[in-house]
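For reference, run23.cif (mmCIF, C-alpha atoms and all ligand atoms):
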data_start
#
loop_
_atom_site.label_atom_id
_atom_site.label_comp_id
_atom_site.auth_asym_id
_atom_site.auth_seq_id
_atom_site.Cartn_x
_atom_site.Cartn_y
_atom_site.Cartn_z
CA MET R 1 0.00 0.00 0.00
CA PRO R 2 1.13 3.59 -0.59
CA TYR R 3 1.87 6.11 2.17
CA ALA R 4 -0.26 8.88 3.67
CA LEU R 5 1.61 11.95 4.93
CA ILE R 6 -0.28 13.53 7.85
CA THR R 7 0.57 16.83 9.54
CA GLY R 8 -0.59 17.30 13.13
CA ALA R 9 -0.87 13.55 13.61
CA SER R 10 -0.01 13.39 17.33
CA LYS R 11 -3.43 14.35 18.70
CA GLY R 12 -7.00 15.28 17.91
CA ILE R 13 -8.41 15.03 14.41
CA GLY R 14 -5.02 14.25 12.79
CA ARG R 15 -4.43 11.31 15.11
CA GLU R 16 -7.90 9.93 14.33
CA ILE R 17 -7.30 10.37 10.59
CA ALA R 18 -4.09 8.32 11.02
CA ILE R 19 -6.09 5.54 12.70
CA SER R 20 -8.80 5.67 10.03
CA LEU R 21 -6.19 5.34 7.25
CA ALA R 22 -4.28 2.58 9.07
CA LYS R 23 -7.56 0.61 9.24
CA ARG R 24 -7.66 0.95 5.45
CA LYS R 25 -4.09 -0.43 5.34
CA TYR R 26 -2.35 2.78 4.33
CA ASN R 27 1.26 3.07 5.47
CA LEU R 28 1.81 6.30 7.38
CA LEU R 29 4.20 9.23 7.73
CA LEU R 30 3.25 11.07 10.91
CA ILE R 31 4.34 14.66 11.55
CA ALA R 32 3.94 16.85 14.68
CA ARG R 33 6.11 18.34 17.42
CA THR R 34 5.55 15.89 20.30
CA GLU R 35 7.86 12.97 19.65
CA LYS R 36 6.59 10.79 22.52
CA LEU R 37 3.02 10.87 21.17
CA LEU R 38 4.24 10.03 17.65
CA VAL R 39 6.37 7.12 18.94
CA ASP R 40 3.41 5.66 20.88
CA LEU R 41 0.96 6.09 18.00
CA ALA R 42 3.38 4.58 15.47
CA LYS R 43 3.91 1.55 17.71
CA GLU R 44 0.17 1.10 18.31
CA LEU R 45 -0.77 1.30 14.63
CA GLN R 46 2.07 -0.97 13.48
CA GLU R 47 1.05 -3.65 15.96
CA LYS R 48 -2.71 -3.35 15.50
CA TYR R 49 -3.01 -2.86 11.75
CA LYS R 50 0.30 -4.31 10.45
CA VAL R 51 1.13 -1.18 8.48
CA GLU R 52 4.48 0.62 8.18
CA VAL R 53 4.62 3.84 10.19
CA PHE R 54 7.43 6.41 10.24
CA TYR R 55 7.37 9.71 12.08
CA ASN R 56 9.23 13.01 12.15
CA ALA R 57 8.97 15.33 15.17
CA ILE R 58 9.33 18.89 13.94
CA ASP R 59 7.86 22.36 14.48
CA LEU R 60 6.04 23.09 11.23
CA SER R 61 5.76 26.81 11.91
CA SER R 62 9.37 27.36 10.82
CA ALA R 63 9.90 28.43 7.21
CA ASP R 64 12.02 25.42 6.16
CA ALA R 65 10.07 22.68 7.94
CA ALA R 66 7.86 21.53 5.05
CA GLU R 67 10.86 21.37 2.74
CA ASP R 68 12.80 19.35 5.34
CA ILE R 69 9.92 16.89 5.58
CA ILE R 70 9.66 16.43 1.82
CA THR R 71 13.45 15.90 1.64
CA TRP R 72 13.04 13.26 4.38
CA CYS R 73 10.22 11.62 2.34
CA ASN R 74 12.35 11.62 -0.81
CA LYS R 75 15.27 10.05 1.06
CA GLY R 76 12.92 7.34 2.35
CA GLY R 77 11.64 6.69 -1.18
CA TYR R 78 8.04 6.50 0.04
CA ASP R 79 5.29 6.14 -2.56
CA ILE R 80 2.93 8.87 -1.26
CA SER R 81 -0.68 8.94 -2.46
CA VAL R 82 -2.33 10.91 0.36
CA LEU R 83 -1.49 14.30 1.87
CA ILE R 84 -3.44 15.40 4.94
CA ASN R 85 -2.88 19.10 5.74
CA ASN R 86 -4.27 19.10 9.26
CA ALA R 87 -1.79 20.84 11.62
CA GLY R 88 -3.24 24.13 12.78
CA TYR R 89 -4.54 26.06 15.74
CA GLY R 90 -6.69 29.02 16.74
CA LEU R 91 -6.30 31.99 19.08
CA ASN R 92 -9.36 33.38 20.84
CA GLY R 93 -9.29 37.00 22.02
CA ALA R 94 -9.34 40.61 20.95
CA PHE R 95 -7.14 41.08 17.88
CA GLU R 96 -5.33 44.07 19.37
CA LYS R 97 -4.61 42.27 22.64
CA LEU R 98 -3.41 38.92 21.26
CA PRO R 99 0.40 38.99 20.74
CA LEU R 100 1.23 39.82 17.13
CA ASP R 101 4.00 37.21 16.90
CA GLU R 102 1.59 34.44 17.98
CA GLN R 103 -0.96 35.53 15.38
CA LEU R 104 1.70 35.60 12.66
CA ASN R 105 2.92 32.16 13.75
CA MET R 106 -0.64 30.81 13.47
CA MET R 107 -1.03 32.37 10.01
CA TRP R 108 2.18 30.68 8.91
CA LEU R 109 1.17 27.22 10.18
CA ASN R 110 -2.48 27.38 9.05
CA MET R 111 -1.76 28.81 5.58
CA SER R 112 1.88 28.96 4.44
CA THR R 113 2.85 25.51 5.74
CA LEU R 114 -0.26 24.05 4.08
CA VAL R 115 0.60 25.73 0.77
CA GLN R 116 4.23 24.59 1.02
CA PHE R 117 3.25 20.97 1.70
CA THR R 118 0.75 21.03 -1.15
CA HIS R 119 3.21 22.51 -3.65
CA LEU R 120 6.11 20.26 -2.65
CA SER R 121 3.97 17.10 -2.49
CA LEU R 122 2.23 17.47 -5.85
CA PRO R 123 5.11 15.91 -7.86
CA LEU R 124 5.07 12.93 -5.46
CA LEU R 125 1.28 12.58 -5.60
CA LYS R 126 1.34 12.78 -9.40
CA ARG R 127 4.15 10.24 -9.60
CA HIS R 128 1.97 7.68 -7.76
CA SER R 129 0.58 5.22 -10.30
CA GLY R 130 -3.04 5.24 -9.00
CA LYS R 131 -5.39 7.85 -7.55
CA SER R 132 -3.94 10.44 -5.16
CA TYR R 133 -5.67 12.63 -2.61
CA ILE R 134 -5.19 15.90 -0.71
CA LEU R 135 -7.35 16.57 2.35
CA ASN R 136 -7.14 20.11 3.75
CA ILE R 137 -8.67 20.85 7.14
CA ALA R 138 -10.45 24.21 7.29
CA SER R 139 -13.26 24.94 9.78
CA THR R 140 -16.87 26.13 9.88
CA ALA R 141 -15.14 29.42 10.89
CA ALA R 142 -14.22 29.65 7.18
CA TYR R 143 -17.84 30.44 6.29
CA GLN R 144 -18.13 33.83 8.02
CA ALA R 145 -15.97 36.42 9.76
CA VAL R 146 -15.66 35.57 13.46
CA PRO R 147 -14.90 38.44 15.84
CA TYR R 148 -12.42 37.39 18.56
CA LEU R 149 -11.24 34.60 16.26
CA ALA R 150 -10.58 37.21 13.59
CA VAL R 151 -7.25 35.99 12.24
CA TYR R 152 -8.03 32.29 12.74
CA SER R 153 -11.32 32.47 10.81
CA ALA R 154 -9.54 34.39 8.02
CA THR R 155 -6.86 31.66 7.76
CA LYS R 156 -9.57 29.03 7.39
CA ALA R 157 -11.41 31.05 4.71
CA PHE R 158 -8.07 31.02 2.89
CA VAL R 159 -7.81 27.21 3.21
CA LEU R 160 -11.32 26.73 1.84
CA SER R 161 -10.86 29.09 -1.10
CA PHE R 162 -7.41 27.69 -1.97
CA SER R 163 -8.70 24.09 -1.83
CA ARG R 164 -11.65 24.77 -4.15
CA ALA R 165 -9.45 26.53 -6.68
CA LEU R 166 -6.78 23.82 -6.65
CA LYS R 167 -9.42 21.10 -7.00
CA LEU R 168 -10.36 22.57 -10.40
CA GLU R 169 -6.73 23.06 -11.44
CA MET R 170 -6.14 19.36 -10.74
CA LYS R 171 -9.09 18.24 -12.89
CA GLY R 172 -7.91 15.65 -15.39
CA SER R 173 -4.97 14.61 -13.18
CA ASN R 174 -4.84 11.73 -10.69
CA VAL R 175 -4.99 14.18 -7.74
CA SER R 176 -8.22 15.24 -6.02
CA VAL R 177 -8.53 17.98 -3.40
CA THR R 178 -11.05 17.84 -0.56
CA CYS R 179 -11.66 20.49 2.07
CA LEU R 180 -13.08 19.31 5.42
CA SER R 181 -14.60 22.03 7.61
CA PRO R 182 -15.30 20.71 11.11
CA GLY R 183 -17.30 22.62 13.67
CA GLY R 184 -16.45 22.27 17.37
CA THR R 185 -14.67 18.94 17.92
CA ASP R 186 -13.38 17.40 21.15
CA THR R 187 -9.60 17.80 20.83
CA HIS R 188 -6.86 19.98 22.37
CA PHE R 189 -7.97 22.84 20.08
CA MET R 190 -9.94 24.82 22.70
CA GLU R 191 -7.15 24.58 25.25
CA ARG R 192 -4.54 25.89 22.78
CA ALA R 193 -6.92 28.63 21.57
CA GLY R 194 -7.30 29.86 25.15
CA MET R 195 -11.05 29.16 25.21
CA GLU R 196 -11.23 26.98 28.30
CA GLY R 197 -11.76 29.91 30.66
CA SER R 198 -14.93 30.95 28.83
CA LYS R 199 -18.12 29.53 30.35
CA LYS R 200 -20.10 30.56 27.24
CA ILE R 201 -17.84 28.73 24.82
CA MET R 202 -17.50 25.65 27.02
CA LYS R 203 -21.32 25.45 27.36
CA GLN R 204 -21.66 25.64 23.59
CA ALA R 205 -18.93 23.00 23.18
CA LYS R 206 -20.63 20.62 25.61
CA LYS R 207 -23.84 20.84 23.58
CA PHE R 208 -22.50 20.69 20.04
CA ASN R 209 -18.91 19.33 19.89
CA MET R 210 -18.40 16.18 17.83
CA PRO R 211 -16.00 13.35 18.73
CA ALA R 212 -12.72 13.59 16.79
CA ASP R 213 -12.96 10.02 15.45
CA GLU R 214 -16.35 10.76 13.81
CA VAL R 215 -15.01 13.93 12.20
CA ALA R 216 -11.91 12.09 10.95
CA GLU R 217 -13.84 9.15 9.50
CA PHE R 218 -16.25 11.53 7.76
CA GLY R 219 -13.31 13.46 6.26
CA VAL R 220 -11.47 10.34 5.09
CA LYS R 221 -14.62 8.96 3.42
CA ALA R 222 -15.21 12.29 1.66
CA MET R 223 -11.57 12.42 0.53
CA LEU R 224 -11.67 8.88 -0.87
CA SER R 225 -14.93 9.78 -2.68
CA ARG R 226 -13.10 12.78 -4.20
CA LYS R 227 -15.60 15.34 -2.82
CA SER R 228 -14.69 19.05 -2.95
CA GLU R 229 -16.04 20.52 0.26
CA VAL R 230 -17.63 18.81 3.24
CA ILE R 231 -18.92 19.77 6.69
CA PRO R 232 -19.41 17.02 9.31
CA GLY R 233 -22.48 16.99 11.56
CA PHE R 234 -26.09 18.05 11.01
CA SER R 235 -26.02 21.22 13.13
CA ASN R 236 -22.75 22.39 11.53
CA LYS R 237 -24.24 21.90 8.06
CA ILE R 238 -27.40 23.79 8.98
CA THR R 239 -25.39 26.66 10.49
CA ALA R 240 -23.13 26.97 7.43
CA PHE R 241 -26.14 26.83 5.11
CA SER R 242 -28.20 29.40 7.04
CA ASN R 243 -25.16 31.71 7.14
CA ARG R 244 -25.49 31.98 3.36
CA LEU R 245 -29.13 33.09 3.61
CA LEU R 246 -28.92 35.52 6.55
CA PRO R 247 -27.41 39.03 6.34
CA LYS R 248 -23.69 38.97 7.20
CA SER R 249 -24.24 41.55 9.93
CA VAL R 250 -26.60 39.15 11.77
CA VAL R 251 -24.31 36.11 11.39
CA GLU R 252 -21.25 38.06 12.55
CA ALA R 253 -23.12 39.57 15.53
CA VAL R 254 -24.10 36.05 16.68
CA ALA R 255 -20.48 34.87 16.30
CA LYS R 256 -19.30 37.91 18.27
CA GLY R 257 -21.74 37.04 21.07
CA ILE R 258 -20.28 33.54 21.35
CA TYR R 259 -16.56 34.32 21.17
CA SER R 260 -16.27 37.70 22.91
CA PRO R 261 -14.38 37.66 26.24
CA GLU R 262 -16.70 37.43 29.27
N1 LIG R 301 -11.22 21.00 17.33
C1 LIG R 301 -12.00 21.89 16.72
O1 LIG R 301 -13.00 22.35 17.31
C2 LIG R 301 -11.70 22.29 15.30
C3 LIG R 301 -12.74 22.87 14.56
C4 LIG R 301 -12.50 23.24 13.24
C5 LIG R 301 -11.25 23.02 12.68
N2 LIG R 301 -10.25 22.47 13.42
C6 LIG R 301 -8.95 22.28 12.78
O2 LIG R 301 -8.57 20.92 12.85
C7 LIG R 301 -7.16 20.82 12.76
C8 LIG R 301 -6.65 19.88 13.84
O3 LIG R 301 -6.87 20.49 15.11
P1 LIG R 301 -7.38 19.65 16.38
O4 LIG R 301 -8.73 20.14 16.72
O5 LIG R 301 -7.18 18.21 16.17
O6 LIG R 301 -6.39 20.24 17.50
P2 LIG R 301 -5.28 19.55 18.40
O7 LIG R 301 -5.84 18.43 19.19
O8 LIG R 301 -4.65 20.68 19.13
O9 LIG R 301 -4.25 18.95 17.33
C9 LIG R 301 -3.44 19.77 16.56
C10 LIG R 301 -2.36 18.95 15.90
O10 LIG R 301 -1.48 19.83 15.18
C11 LIG R 301 -0.15 19.66 15.68
N3 LIG R 301 0.56 20.92 15.66
C12 LIG R 301 0.17 22.09 16.24
N4 LIG R 301 1.10 23.02 16.07
C13 LIG R 301 2.12 22.44 15.37
C14 LIG R 301 3.37 22.89 14.89
N5 LIG R 301 3.79 24.15 15.10
N6 LIG R 301 4.16 22.03 14.21
C15 LIG R 301 3.75 20.75 14.01
N7 LIG R 301 2.57 20.27 14.43
C16 LIG R 301 1.77 21.11 15.12
C17 LIG R 301 -0.33 19.13 17.11
O11 LIG R 301 0.77 18.35 17.51
P3 LIG R 301 1.92 18.85 18.52
O12 LIG R 301 1.29 19.68 19.57
O13 LIG R 301 2.50 17.54 19.00
O14 LIG R 301 2.85 19.59 17.65
C18 LIG R 301 -1.52 18.19 16.91
O15 LIG R 301 -1.09 16.97 16.40
C19 LIG R 301 -6.61 22.25 12.86
O16 LIG R 301 -6.27 22.71 11.58
C20 LIG R 301 -7.80 23.03 13.40
O17 LIG R 301 -7.78 24.39 13.02
C21 LIG R 301 -10.46 22.08 14.71
#
Go ahead and render the structure in this file as structure tokens.
Ligand SMILES: NC(=O)c1ccc[n+]([C@@H]2O[C@H](COP(=O)([O-])OP(=O)(O)OC[C@H]3O[C@@H](n4cnc5c(N)ncnc54)[C@H](OP(=O)(O)O)[C@@H]3O)[C@@H](O)[C@H]2O)c1
Amino acid sequence: MPYALITGASKGIGREIAISLAKRKYNLLLIARTEKLLVDLAKELQEKYKVEVFYNAIDLSSADAAEDIITWCNKGGYDISVLINNAGYGLNGAFEKLPLDEQLNMMWLNMSTLVQFTHLSLPLLKRHSGKSYILNIASTAAYQAVPYLAVYSATKAFVLSFSRALKLEMKGSNVSVTCLSPGGTDTHFMERAGMEGSKKIMKQAKKFNMPADEVAEFGVKAMLSRKSEVIPGFSNKITAFSNRLLPKSVVEAVAKGIYSPE
């Protein structure tokens, strides 16, 4: 079986995507910063699903990281047919109060790293003799501006727009591009975004968050069916759809109410 290259594979949605692909007998290349988590996951998946798993612990927010990973893949001679651009994070708070360097770092990881991986992987994906797939992880935050997640939601709108455009550019090739836009999902996302102190957000999360394994399985199925754009979960779909019908000012005011500091 060919290899799937997965960024942000140590936890959350990326980890569950790794499991979902291992079940389908894909060999795996796991990327994230936390080596211990990658070691444990690699061991577990090798034993359970009898697939080959290699990992590389690296901070993907540095400018050379994606290139280093592709060099590592080339040295390994892996036949890559799947690229999962999943590593990313959010920052909740007032734009002018959140540190600028952290916001720029997030922009780099959520957008530039994803573009780098996509550009550098395309020759490998095209070289694969069968069908190849790219799965980009955006967010339901891509579908409207979100005050107090201002930069994060803008990065995810970028991911969605880029994915749809590239999908059409790849028409006629062996590569398909799918964009998965999860809503709230039970992962480490809220902790890293600094949302855990907000009673409002945590209440909302308790009601609506989806389990990461369901989101991952939904995304993998959509990717293998070569779909363009998918949103997991009924309430997330309804919200994204109604956002198209309602005036932007209403949708953005509701988002502001949820994410503003208490
Ligand atoms: N959870 C949600 O509610 C939600 C909703 C919509 C979209 N999303 C999107 O889903 C994707 C996955 O997030 P998640 O919810 O699964 O969050 P998570 O549990 O925090 O996982 C994030 C993954 O990205 C990796 N990562 C973060 N920064 C990195 C860096 N600088 N270099 C390399 N790897 C890095 C993390 O590993 P290390 O910490 O080991 O580096 C981890 O494996 C993100 O793109 C996120 O924006 C999440």
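The smallest atom-to-atom distance between Asp40 of chain R and any of R:Met190, R:Asn243, R:Phe158, R:Ser10, using all atoms listed in the file, is found for R:Ser10.
Using all atoms listed in the file, the smallest distance between any of R:Gly130, R:Gly197, R:Pro232, R:Pro99 and ligand LIG 301 (chain R) comes from R:Pro232.
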For this session: Would you mind listing the residues within 7 Å of ligand LIG 301 (chain R), counting only C-alpha atoms and all ligand atoms, as a PyMOL selection string?
Result: chain R and resi 7-15+31-34+58-61+86-90+109-110+137-140+181-190+192
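Taking atom CA of Met195 of chain R and atom CA of Lys207 of chain R as the two end points, the separation is 15.3 Å.
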Problem set entry | Pick from R:Tyr3, R:Phe95, R:Phe218, R:Tyr152 nearest to Leu125 of chain R, counting only C-alpha atoms | R:Tyr3
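Minimum atom-to-atom distances from R:Leu160, R:Val254, R:Val82, R:Ala65 to Leu122 of chain R were compared using all atoms listed in the file, and the lowest value belongs to R:Val82.
Minimum distance to Val51 of chain R across R:Leu29, R:Met106, R:Val115, R:Ala142 (counting all atoms listed in the file) occurs at R:Leu29.
Between Asn105 of chain R and the residues R:Leu124, R:Ala63, R:Val215, R:Ala141, the shortest atom-to-atom distance, using only C-alpha atoms, involves R:Ala63.
Atom CA of Leu149 of chain R lies 8.9 Å from atom CA of Lys256 of chain R.
Reported to one decimal place, the separation of atom CA of Val230 of chain R from atom CA of Cys73 of chain R is 28.8 Å.
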